[in-house]
>>> print(open('entry-v1.txt').read())   # compact mmCIF, C-alpha atoms
# COMPACT_ATOMS: atom_id res chain seq x y z
CA MET B 217 29.07 -6.93 4.07
CA GLY B 218 26.18 -6.75 6.50
CA SER B 219 25.85 -5.57 10.05
CA ALA B 220 26.70 -7.77 12.97
CA LEU B 221 23.51 -6.62 14.63
CA ALA B 222 19.87 -7.04 13.75
CA ARG B 223 18.05 -4.02 12.34
CA PRO B 224 14.65 -4.37 13.99
CA GLN B 225 11.39 -2.73 13.01
CA PRO B 226 7.97 -3.09 14.67
CA ARG B 227 6.65 -6.63 14.50
CA PRO B 228 3.11 -7.86 14.98
CA GLU B 229 2.00 -10.53 17.43
CA GLY B 230 4.28 -9.80 20.33
CA GLY B 231 7.70 -9.86 18.69
CA LYS B 232 10.22 -7.05 19.04
CA SER B 233 11.63 -6.79 15.55
CA GLN B 234 11.04 -7.63 11.92
CA THR B 235 13.03 -7.28 8.77
CA GLY B 236 10.13 -7.60 6.41
CA ALA B 237 11.14 -11.11 5.42
CA SER B 238 7.94 -12.67 6.70
CA SER B 239 5.83 -11.11 3.99
CA THR B 240 8.36 -12.20 1.37
CA ARG B 241 8.30 -15.84 2.38
CA MET B 242 4.54 -15.83 2.90
CA GLY B 243 4.19 -14.61 -0.66
CA SER B 244 6.42 -17.31 -2.08
CA ARG B 245 3.83 -19.94 -1.17
CA ARG B 246 0.59 -18.03 -0.64
CA LYS B 247 0.61 -16.53 -4.14
CA LEU B 248 -0.23 -20.01 -5.35
CA LEU B 249 -3.34 -20.17 -3.17
CA SER B 250 -6.25 -17.92 -2.27
CA SER B 251 -5.86 -15.43 0.55
CA MET B 252 -6.54 -16.75 4.03
CA ILE B 253 -8.85 -15.45 6.74
CA LEU B 254 -7.32 -13.77 9.79
CA HIS B 255 -9.06 -14.97 12.95
CA ARG B 256 -9.21 -13.10 16.26
CA ARG B 257 -6.03 -13.15 18.29
CA SER B 258 -6.25 -14.80 21.63
CA SER B 259 -5.47 -12.96 24.84
CA PRO B 260 -2.66 -15.06 26.31
CA ARG B 261 -2.31 -15.51 30.01
CA ALA B 262 0.90 -15.26 31.97
CA PRO B 263 3.31 -18.18 31.54
CA LEU B 264 3.56 -20.94 34.07
CA ALA B 265 6.42 -21.10 36.51
CA THR B 266 9.47 -22.89 35.16
CA SER B 267 12.51 -24.52 36.67
CA ARG B 268 15.34 -22.20 37.58
CA ARG B 269 19.02 -22.52 36.83
CA ARG B 270 21.89 -20.61 38.31
CA PRO B 271 23.63 -18.35 35.76
CA LEU B 272 27.41 -18.13 35.85
CA ARG B 273 27.84 -14.35 35.73
CA ARG B 274 24.95 -11.98 35.27
CA PRO B 275 25.26 -8.16 35.31
CA PRO B 276 22.70 -6.35 37.48
CA PRO B 277 19.61 -5.01 35.66
CA THR B 278 20.74 -1.40 36.16
CA GLU B 279 24.15 -1.82 34.54
CA THR B 280 24.66 0.31 31.43
CA CYS B 281 27.43 1.76 29.28
CA PRO B 282 29.74 4.48 30.55
CA SER B 283 29.55 7.99 29.16
CA PRO B 284 32.55 9.32 27.17
CA ARG B 285 33.79 11.18 30.25
CA GLU B 286 33.92 7.89 32.14
CA ARG B 287 36.14 6.22 29.55
CA ASN B 288 39.49 7.51 30.87
CA GLY B 289 39.98 9.97 28.08
CA ALA B 290 39.07 7.55 25.28
CA PRO B 291 35.52 8.37 24.25
CA GLY B 292 34.02 6.07 21.68
CA SER B 293 33.36 8.98 19.36
CA SER B 294 37.09 9.51 18.85
CA GLN B 295 38.01 5.82 18.89
CA HIS B 296 35.73 4.97 15.95
CA SER B 297 35.67 6.54 12.50
CA ILE B 298 32.41 5.95 10.64
CA ILE B 299 32.88 4.42 7.18
CA LYS B 300 29.33 3.96 5.92
CA LEU B 301 25.73 3.34 6.89
CA LEU B 302 24.78 -0.34 6.95
CA GLY B 303 21.12 -0.05 7.86
CA GLN B 304 18.57 1.74 9.96
CA GLY B 305 15.29 1.07 11.71
CA THR B 306 13.03 2.40 14.41
CA PHE B 307 15.74 1.89 17.04
CA GLY B 308 18.38 3.97 15.25
CA LYS B 309 21.19 3.12 12.83
CA VAL B 310 23.92 0.56 12.27
CA VAL B 311 27.17 1.83 10.76
CA GLU B 312 30.41 0.28 9.67
CA ALA B 313 33.28 1.96 11.50
CA PHE B 314 37.03 1.67 11.91
CA ASP B 315 38.25 1.01 15.44
CA LYS B 316 41.48 3.03 15.71
CA HIS B 317 42.66 1.19 18.81
CA ARG B 318 42.10 -2.36 17.56
CA LYS B 319 42.91 -1.43 13.94
CA THR B 320 39.90 -3.28 12.59
CA ARG B 321 36.48 -2.64 11.10
CA VAL B 322 33.49 -3.05 13.40
CA ALA B 323 29.72 -2.61 13.41
CA VAL B 324 28.29 0.10 15.66
CA LYS B 325 24.62 0.13 16.57
CA ILE B 326 23.65 3.71 17.42
CA ILE B 327 20.47 3.88 19.50
CA ARG B 328 18.10 6.81 19.10
CA SER B 329 18.10 9.35 21.91
CA ILE B 330 14.61 8.34 23.05
CA GLN B 331 14.11 6.78 26.46
CA LYS B 332 12.16 3.67 25.39
CA TYR B 333 14.88 2.74 22.90
CA ARG B 334 17.60 3.44 25.44
CA ASP B 335 15.82 1.21 27.95
CA ALA B 336 15.46 -1.58 25.37
CA SER B 337 19.14 -1.35 24.45
CA ARG B 338 20.14 -1.66 28.12
CA ILE B 339 18.24 -4.94 28.31
CA GLU B 340 20.10 -6.26 25.26
CA LEU B 341 23.42 -4.99 26.63
CA ARG B 342 22.86 -6.84 29.87
CA VAL B 343 22.45 -10.08 27.91
CA LEU B 344 25.42 -9.36 25.63
CA SER B 345 27.58 -8.59 28.67
CA THR B 346 26.55 -11.90 30.24
CA LEU B 347 27.51 -13.78 27.07
CA ALA B 348 30.85 -11.99 26.72
CA SER B 349 31.86 -12.47 30.36
CA ASN B 350 31.14 -16.20 30.18
CA ASP B 351 32.72 -16.88 26.79
CA ARG B 352 35.77 -14.66 26.35
CA GLN B 353 36.99 -16.59 23.30
CA ASN B 354 33.50 -16.70 21.74
CA ARG B 355 33.58 -20.45 21.26
CA ASN B 356 29.79 -20.57 21.31
CA LYS B 357 29.21 -18.53 18.14
CA CYS B 358 27.06 -15.73 19.59
CA ILE B 359 27.59 -12.13 18.50
CA HIS B 360 30.42 -10.76 20.66
CA LEU B 361 30.12 -7.42 22.45
CA ARG B 362 33.37 -5.53 21.83
CA ASP B 363 32.51 -2.21 23.42
CA CYS B 364 29.69 0.13 24.35
CA PHE B 365 29.50 3.79 25.21
CA ASP B 366 27.00 6.57 25.71
CA TYR B 367 27.71 9.46 23.37
CA ARG B 368 25.50 12.55 23.49
CA ASN B 369 22.65 10.46 24.90
CA HIS B 370 23.01 7.82 22.16
CA ILE B 371 23.91 4.37 23.48
CA CYS B 372 26.37 2.80 21.03
CA ILE B 373 26.94 -0.96 20.87
CA VAL B 374 30.11 -2.16 19.15
CA THR B 375 30.37 -5.69 17.75
CA ASP B 376 32.29 -7.60 15.10
CA LEU B 377 31.49 -6.78 11.49
CA LEU B 378 29.99 -9.87 9.89
CA GLY B 379 28.31 -10.92 6.66
CA GLN B 380 24.67 -10.97 5.63
CA SER B 381 21.94 -12.94 7.37
CA VAL B 382 21.27 -16.52 6.37
CA PHE B 383 17.81 -15.41 5.24
CA ASP B 384 19.26 -12.74 2.95
CA PHE B 385 21.59 -15.35 1.44
CA LEU B 386 18.61 -17.66 0.85
CA LYS B 387 16.66 -14.81 -0.73
CA GLY B 388 19.57 -13.88 -3.00
CA ASN B 389 19.81 -17.54 -3.98
CA GLY B 390 16.19 -17.66 -5.13
CA PHE B 391 15.27 -19.63 -1.97
CA VAL B 392 17.13 -22.67 -3.27
CA PRO B 393 17.99 -24.81 -0.21
CA PHE B 394 21.41 -25.32 1.35
CA PRO B 395 23.41 -28.52 0.79
CA SER B 396 22.78 -31.13 3.47
CA SER B 397 26.37 -30.98 4.75
CA GLN B 398 26.00 -27.26 5.42
CA ILE B 399 22.62 -27.75 7.11
CA GLN B 400 24.35 -30.16 9.46
CA ASN B 401 27.10 -27.64 10.19
CA PHE B 402 24.54 -24.87 10.77
CA ALA B 403 22.63 -27.17 13.13
CA ARG B 404 25.73 -28.04 15.13
CA GLN B 405 26.58 -24.37 15.59
CA LEU B 406 23.00 -23.39 16.47
CA PHE B 407 22.64 -26.12 19.09
CA THR B 408 26.03 -25.16 20.52
CA SER B 409 24.98 -21.51 20.82
CA VAL B 410 21.60 -22.35 22.32
CA ALA B 411 23.04 -24.90 24.77
CA PHE B 412 25.38 -22.13 25.96
CA LEU B 413 22.46 -19.71 26.38
CA HIS B 414 20.40 -22.27 28.26
CA ASP B 415 23.31 -23.01 30.61
CA LEU B 416 23.28 -19.30 31.45
CA ASN B 417 19.55 -19.53 32.20
CA LEU B 418 18.80 -17.53 29.04
CA ILE B 419 16.13 -18.18 26.42
CA HIS B 420 16.70 -16.45 23.08
CA THR B 421 12.96 -16.50 22.14
CA ASP B 422 13.46 -15.15 18.60
CA LEU B 423 15.50 -17.69 16.67
CA LYS B 424 15.02 -17.35 12.90
CA PRO B 425 17.22 -17.15 9.76
CA GLU B 426 17.22 -13.34 9.93
CA ASN B 427 18.97 -13.56 13.31
CA ILE B 428 21.76 -15.82 12.07
CA LEU B 429 24.63 -14.01 10.36
CA LEU B 430 27.28 -15.47 8.09
CA VAL B 431 30.90 -14.79 8.91
CA SER B 432 31.60 -14.62 5.17
CA ASN B 433 29.33 -14.05 2.18
CA ALA B 434 31.71 -15.77 -0.28
CA TYR B 435 30.13 -18.46 -2.45
CA GLN B 436 30.65 -20.63 -5.52
CA THR B 437 27.89 -21.28 -8.07
CA PHE B 438 27.17 -24.96 -8.74
CA THR B 439 24.89 -26.72 -11.22
CA TYR B 440 21.74 -27.92 -9.41
CA ASN B 441 19.22 -29.15 -12.03
CA ARG B 442 16.69 -30.78 -9.75
CA THR B 443 13.30 -30.35 -8.14
CA ILE B 444 13.46 -28.52 -4.83
CA PRO B 445 12.02 -30.47 -1.87
CA SER B 446 8.83 -28.90 -0.49
CA SER B 447 6.69 -29.28 2.63
CA SER B 448 3.55 -28.63 0.55
CA HIS B 449 1.91 -30.59 -2.27
CA ALA B 450 0.83 -27.23 -3.73
CA ILE B 451 4.41 -26.13 -4.34
CA SER B 452 6.64 -27.43 -7.10
CA ARG B 453 9.88 -25.59 -7.77
CA SER B 454 13.06 -26.44 -9.60
CA ALA B 455 16.39 -24.72 -10.10
CA ARG B 456 19.22 -25.10 -12.58
CA GLN B 457 21.96 -23.79 -10.32
CA ARG B 458 22.58 -22.57 -6.79
CA ARG B 459 25.09 -20.55 -4.85
CA VAL B 460 26.95 -22.52 -2.21
CA LEU B 461 28.80 -20.88 0.67
CA LEU B 462 32.56 -21.37 0.82
CA ASP B 463 32.38 -21.07 4.61
CA SER B 464 29.28 -22.00 6.62
CA GLU B 465 30.43 -20.45 9.91
CA ILE B 466 27.68 -18.40 11.55
CA ARG B 467 26.95 -16.13 14.52
CA LEU B 468 23.71 -15.90 16.49
CA ILE B 469 22.47 -12.32 16.94
CA ASP B 470 19.60 -10.14 18.21
CA PHE B 471 19.31 -10.68 21.94
CA GLY B 472 16.82 -7.86 22.38
CA SER B 473 14.08 -10.40 23.21
CA ALA B 474 16.27 -12.78 25.25
CA THR B 475 14.86 -13.56 28.68
CA PHE B 476 16.36 -15.02 31.85
CA ASP B 477 14.21 -17.99 32.80
CA ASP B 478 13.74 -16.79 36.39
CA GLU B 479 12.65 -13.29 35.36
CA TYR B 480 9.47 -11.86 33.82
CA HIS B 481 8.11 -13.67 30.75
CA SER B 482 5.92 -11.79 28.29
CA SER B 483 2.89 -13.77 27.13
CA VAL B 484 3.79 -14.03 23.43
CA VAL B 485 7.31 -14.43 22.06
CA SER B 486 8.95 -15.65 18.85
CA THR B 487 8.25 -14.63 15.28
CA ARG B 488 5.10 -16.42 14.13
CA HIS B 489 6.63 -18.98 11.73
CA TYR B 490 9.01 -20.23 14.45
CA ARG B 491 6.62 -20.12 17.43
CA ALA B 492 6.29 -23.25 19.57
CA PRO B 493 2.87 -24.80 20.30
CA GLU B 494 3.04 -24.12 24.05
CA ILE B 495 3.21 -20.38 23.30
CA ILE B 496 0.15 -20.52 21.03
CA LEU B 497 -1.69 -22.60 23.65
CA ASN B 498 -0.83 -20.14 26.45
CA LEU B 499 0.71 -22.90 28.57
CA GLY B 500 3.85 -20.98 29.47
CA TRP B 501 7.23 -21.23 27.79
CA SER B 502 10.84 -21.86 28.67
CA PHE B 503 13.99 -23.30 27.07
CA PRO B 504 12.17 -25.80 24.80
CA CYS B 505 10.62 -23.02 22.71
CA ASP B 506 14.10 -22.29 21.31
CA ILE B 507 14.46 -25.93 20.25
CA TRP B 508 11.18 -25.85 18.31
CA SER B 509 12.40 -22.73 16.50
CA ILE B 510 15.62 -24.49 15.50
CA GLY B 511 13.56 -27.32 14.02
CA CYS B 512 11.61 -24.85 11.90
CA ILE B 513 14.87 -23.24 10.77
CA LEU B 514 16.46 -26.56 9.77
CA VAL B 515 13.43 -27.52 7.66
CA GLU B 516 13.58 -24.10 6.01
CA PHE B 517 17.26 -24.67 5.20
CA PHE B 518 16.29 -28.02 3.62
CA THR B 519 13.38 -26.74 1.50
CA GLY B 520 14.29 -23.06 1.10
CA ASP B 521 10.82 -22.14 2.31
CA ALA B 522 9.39 -21.39 5.79
CA LEU B 523 7.53 -24.39 7.18
CA PHE B 524 4.56 -22.76 8.95
CA GLN B 525 3.45 -19.83 6.82
CA THR B 526 0.41 -18.48 8.60
CA HIS B 527 -0.75 -15.62 10.79
CA ASP B 528 -3.63 -17.47 12.46
CA ASN B 529 -3.38 -19.57 15.63
CA LEU B 530 -5.95 -22.22 14.71
CA GLU B 531 -4.52 -22.71 11.23
CA HIS B 532 -1.01 -22.81 12.71
CA LEU B 533 -1.98 -25.64 15.06
CA ALA B 534 -3.66 -27.51 12.19
CA MET B 535 -0.49 -27.19 10.12
CA MET B 536 1.54 -28.62 13.01
CA GLU B 537 -0.74 -31.66 13.15
CA ALA B 538 -0.40 -32.11 9.39
CA VAL B 539 3.41 -31.94 9.42
CA ILE B 540 3.90 -34.08 12.52
CA GLY B 541 1.21 -36.53 11.44
CA ASP B 542 -0.37 -36.75 14.88
CA ARG B 543 -2.85 -34.81 16.98
CA ILE B 544 -1.87 -32.46 19.77
CA ASP B 545 -1.34 -34.43 22.99
CA THR B 546 -4.56 -34.99 24.93
CA ARG B 547 -2.80 -34.05 28.16
CA LEU B 548 -1.91 -30.62 26.77
CA VAL B 549 -5.43 -30.13 25.44
CA ARG B 550 -6.86 -30.93 28.88
CA GLN B 551 -4.57 -28.31 30.41
CA VAL B 552 -5.89 -25.78 27.92
CA MET B 553 -9.50 -26.83 28.48
CA GLN B 554 -9.50 -26.60 32.28
CA GLY B 555 -12.70 -24.75 33.16
CA GLY B 556 -14.45 -25.69 29.93
CA ARG B 557 -14.56 -24.27 26.42
CA SER B 558 -16.57 -21.21 27.46
CA GLY B 559 -15.53 -20.82 31.08
CA SER B 560 -11.79 -21.38 30.74
CA GLN B 561 -9.46 -18.48 31.44
CA ASN B 562 -7.23 -19.80 28.67
CA GLN B 563 -8.50 -18.23 25.45
CA SER B 564 -6.92 -21.08 23.45
CA ALA B 565 -9.71 -23.35 24.69
CA LYS B 566 -11.83 -22.06 21.81
CA TYR B 567 -9.55 -23.93 19.39
CA PHE B 568 -10.69 -27.33 20.70
CA ILE B 569 -13.89 -29.31 20.95
CA ARG B 570 -14.14 -32.73 22.66
CA ASN B 571 -10.36 -32.63 23.25
CA LYS B 572 -9.64 -32.34 19.52
CA LEU B 573 -8.59 -29.39 17.39
CA ASP B 574 -11.70 -27.67 16.03
CA TYR B 575 -10.35 -27.48 12.49
CA PRO B 576 -11.79 -27.17 9.95
CA ASN B 577 -14.98 -25.56 11.24
CA ASP B 578 -17.83 -23.52 9.79
CA GLU B 579 -15.69 -20.36 9.78
CA THR B 580 -12.74 -21.94 7.98
CA THR B 581 -12.25 -20.56 4.49
CA ARG B 582 -11.83 -22.75 1.44
CA ALA B 583 -8.35 -21.30 0.95
CA SER B 584 -7.31 -22.28 4.46
CA ARG B 585 -8.67 -25.82 4.06
CA LYS B 586 -6.83 -26.20 0.77
CA TYR B 587 -3.62 -24.83 2.23
CA VAL B 588 -3.57 -27.08 5.29
CA ARG B 589 -4.64 -30.11 3.25
CA ALA B 590 -1.63 -29.54 0.98
CA MET B 591 0.84 -29.76 3.88
CA LYS B 592 3.04 -32.86 3.82
CA GLN B 593 4.14 -34.97 6.74
CA MET B 594 7.86 -34.72 7.48
CA THR B 595 8.29 -38.30 6.34
CA ASP B 596 7.06 -37.24 2.89
CA PHE B 597 9.55 -34.43 2.25
CA ILE B 598 12.62 -35.61 4.17
CA PRO B 599 14.02 -38.54 2.14
CA THR B 600 14.96 -41.75 3.93
CA THR B 601 17.12 -43.15 1.14
CA THR B 602 20.37 -42.54 3.05
CA LYS B 603 21.36 -43.05 6.67
CA PHE B 604 22.30 -39.37 6.84
CA HIS B 605 18.77 -38.25 5.98
CA ARG B 606 17.10 -40.95 8.09
CA LEU B 607 18.99 -39.63 11.11
CA PHE B 608 18.17 -36.04 10.15
CA LEU B 609 14.48 -36.98 10.11
CA ASP B 610 14.85 -38.71 13.47
CA LEU B 611 16.34 -35.55 15.01
CA LEU B 612 13.50 -33.43 13.62
CA GLN B 613 10.95 -35.85 15.05
CA ARG B 614 12.56 -35.40 18.48
CA ILE B 615 12.35 -31.62 18.04
CA PHE B 616 8.77 -31.39 16.78
CA VAL B 617 7.22 -32.75 19.97
CA TYR B 618 4.13 -30.94 21.24
CA ASP B 619 4.90 -31.38 24.94
CA PRO B 620 7.90 -29.17 25.75
CA LYS B 621 8.84 -31.48 28.63
CA ASN B 622 9.45 -34.29 26.14
CA ARG B 623 11.24 -32.21 23.50
CA ILE B 624 14.94 -32.89 22.99
CA THR B 625 17.32 -30.44 24.69
CA ALA B 626 20.13 -28.58 22.93
CA LYS B 627 22.78 -30.63 24.73
CA ASP B 628 21.11 -33.93 23.88
CA ALA B 629 20.64 -32.82 20.28
CA LEU B 630 24.41 -32.34 19.97
CA LYS B 631 24.82 -35.99 21.01
CA HIS B 632 22.42 -37.21 18.32
CA PRO B 633 23.99 -39.76 15.92
CA TRP B 634 23.18 -37.51 12.94
CA PHE B 635 26.16 -35.36 13.86
CA LYS B 636 28.46 -38.39 13.52
CA GLU B 637 27.32 -39.05 9.96
CA SER B 638 28.85 -37.33 6.94
CA ILE B 639 27.73 -36.71 3.38
CA VAL B 640 29.60 -35.60 0.25
CA ASP B 641 27.78 -32.89 -1.69
CA ASP B 642 28.17 -29.37 -3.11
CA GLY B 643 28.74 -28.10 0.42
CA THR B 644 31.81 -30.26 1.00
CA GLU B 645 33.20 -29.29 -2.41
CA ALA B 646 32.61 -25.59 -1.71
CA LEU B 647 34.37 -25.97 1.63
CA ARG B 648 37.38 -27.50 -0.13
CA ILE B 649 37.45 -24.59 -2.60
CA GLY B 650 37.20 -22.09 0.25
CA GLU B 651 40.07 -23.69 2.16
CA GLN B 652 42.22 -23.71 -0.98
CA LEU B 653 41.53 -20.01 -1.61
CA GLN B 654 42.45 -19.25 1.98
CA ARG B 655 45.74 -21.13 1.66
CA ASN B 656 46.53 -19.27 -1.56
CA THR B 657 45.84 -15.95 0.14
CA GLN B 658 48.12 -16.80 3.07
CA ARG B 659 51.00 -17.61 0.71
CA ARG B 660 50.92 -14.16 -0.87
>>> encode(input="entry-v1.txt", output="C-alpha cells")
Amino acid sequence: MGSALARPQPRPEGGKSQTGASSTRMGSRRKLLSSMILHRRSSPRAPLATSRRRPLRRPPPTETCPSPRERNGAPGSSQHSIIKLLGQGTFGKVVEAFDKHRKTRVAVKIIRSIQKYRDASRIELRVLSTLASNDRQNRNKCIHLRDCFDYRNHICIVTDLLGQSVFDFLKGNGFVPFPSSQIQNFARQLFTSVAFLHDLNLIHTDLKPENILLVSNAYQTFTYNRTIPSSSHAISRSARQRRVLLDSEIRLIDFGSATFDDEYHSSVVSTRHYRAPEIILNLGWSFPCDIWSIGCILVEFFTGDALFQTHDNLEHLAMMEAVIGDRIDTRLVRQVMQGGRSGSQNQSAKYFIRNKLDYPNDETTRASRKYVRAMKQMTDFIPTTTKFHRLFLDLLQRIFVYDPKNRITAKDALKHPWFKESIVDDGTEALRIGEQLQRNTQRR
C-alpha cells in the first residue's frame, strides 16, 4: 500500500518534485538508440496575462495549520499512532498511521523543520483546503485533506491512505499498457478532477502518472500474447501476459505546484515529458497546459511508454511535429519571433528560421535525427479499426493542438462521444471479477 501523497525530490527544469521515474522511462526507449545531445536551456520570460475566474472558496495565503495547543486538547501527535514508514524525500517523510478518532488508517506527510519546506507545505495546504471546502464528499477524485497540525515545528498533513501510483503499477507490469476500457475510465476521472480544479481557478501544472494514485492495487493476471503498440518505429515489444486492475478508481495528488490562475506564474512548469508547447515557447500558460499533459498521459497508458522522451527543447518541439503530423502554427511562431531571431526577448526564437522549426540543423546529432525520424504520427499507432478507437484518436487530436486557445477544455472533453462508447476487453472482465470478490467479502 502506497502513500496518498507524492514523495518529491529535486527535479530539473523548473519542476518541484521527481520520483526518479523519468530516467527509467527514458532508458526504456533510449537504450535502443545512441545518446542524445543536451542543448542550452532557454531563459523563459514571464507568462502572459490570462483570463481570470472567480474561485468558490479560497483560504487566504497566510492560513496554516494549528499547533497542538490550538487543537482543543487533541494534538495530532496523540491522535495518530505511526504504523510504518511509507517513503521519504527532501521534504520529509510519509508514514502510515492509525487515526484513533476515526478508527482508520491514514497517510501522514511529516514536513522537515526547515523554513523553506514549511513554506512550500503551506502553499500546498492552501490548495488542499480549497479543494476540501468545495468538495466535501470528494466527488472529483482529488486527494482529500483529512487533517493537518503543527507538531514540534513539523507541519503534518493527513490524507487518506491509498494504493501505489499508476506509474508504479505500469513499471511493475513491465510497462505493458492498460486495457482500453480502463484507459477510458482513467480519462473520465482525470478530466473530472481537472474540470473541478479549473472551475476553482486552479491549474495543477504537474499532471503525470506518478501523481495519480490507485485506490486499490488488486489485480488479476491475464494472457496477453500480442505486440505492444508503440509511438516509435524503433521500438518493438511484445508480452505474453499482463496484470489488469480489478478496480480502476484513482485519485489525483501532489498539489505542491498548483497555481491559481490570477496569481504569480513561474516561467517553467510541468515535468518535461508532459510539458505543453506554449511553456516551451515562453508564450505564457494557463488551464490548457493541464489538458496537454492529460493527452500525454493517455497515450502513455495506451503504449506503456512515455510519448515525448527528451530533455531538449528543440528536439521536443520536433517530436511534437512528428506525432501531430503538422508544423507548429505560424501565428504562434510569429509571436515567438517578434523582434527577430537575434533581437527577440523570447529565447525560443532561436528554435525557428523563416517561421519554421530549425530542426534538424548543423548541431543536431545523428542520434537525435534518428530518434525523431522514428516517431510515428498518432494515426499510425492508434488503430482506427473500431469506432471506440476512432473516437479515442479524435479526442487526442483535439488535445494535441499547438494553440492553447484552440485546445479542448476539460468540460468539453467530458462531453466527447468517446465517453459514450464501450468496449469489452480484459479491463471489463477484471472489473467483473473485482465486483464479485467484493460481493463475496460483504457476505462473510
>>> closest_atom_pairs(input="entry-v1.txt", of="stretch 425-482 of chain B", to="stretch 586-597 of chain B", cutoff="8 Å", atoms="all atoms listed in the file", output="Markdown table")
| residue | atom | partner | partner_atom | distance |
| --- | --- | --- | --- | --- |
| B:Pro445 | CA | B:Phe597 | CA | 6.2 |
| B:Ser446 | CA | B:Phe597 | CA | 6.2 |
| B:Ser447 | CA | B:Lys592 | CA | 5.2 |
| B:Ser448 | CA | B:Met591 | CA | 4.4 |
| B:His449 | CA | B:Ala590 | CA | 4.9 |
| B:Ala450 | CA | B:Ala590 | CA | 5.8 |
>>> closest_residue(input="entry-v1.txt", among="B:Val484, B:Gly511, B:Arg342, B:Val460", to="B:Gln613", atoms="all atoms listed in the file")
B:Gly511
>>> atom_distance(input="entry-v1.txt", atom1="atom CA of B:Ser349", atom2="atom CA of B:Leu361")
9.5 Å
>>> residues_around(input="entry-v1.txt", residues="stretch 329-331 of chain B", least_positions_apart="2", cutoff="10 Å", atoms="all atoms listed in the file", output="number ranges by chain")
B: 307-308, 326-327, 333-337, 367-371
>>> closest_residue(input="entry-v1.txt", among="B:Ile419, B:Leu347, B:Ile639, B:Leu468", to="B:Ser486", atoms="only C-alpha atoms")
B:Ile419
>>> axis_aligned_box(input="entry-v1.txt", around="stretch 515-528 of chain B", padding_each_side="3 Å", output="lines of an AutoDock Vina configuration file")
center_x = 6.8
center_y = -21.8
center_z = 6.8
size_x = 26.9
size_y = 18.4
size_z = 17.4
>>> residues_around(input="entry-v1.txt", residues="B:Asn401", least_positions_apart="5", cutoff="12 Å", atoms="only C-alpha atoms", output="list in words")
Phe394, Pro395, Ser396, Leu406, Phe407, Thr408, Leu461, Asp463, Ser464, Glu465, Ile466, Leu514, Phe517, Leu630, Trp634, Phe635, Lys636, Glu637, Ser638, Ile639, Gly643, Thr644 and Leu647 of chain B
>>> closest_residue(input="entry-v1.txt", among="B:Cys364, B:Asn389, B:Ile507, B:Gln400", to="B:Thr437", atoms="all atoms listed in the file")
B:Asn389
>>> atom_distance(input="entry-v1.txt", atom1="atom CA of B:Arg355", atom2="atom CA of B:Ala411")
12.0 Å
>>> atom_distance(input="entry-v1.txt", atom1="atom CA of B:Ser483", atom2="atom CA of B:Ile469")
22.1 Å
>>> closest_residue(input="entry-v1.txt", among="B:Arg459, B:Arg648, B:Lys627, B:Lys621", to="B:Gly500", atoms="all atoms listed in the file")
B:Lys621
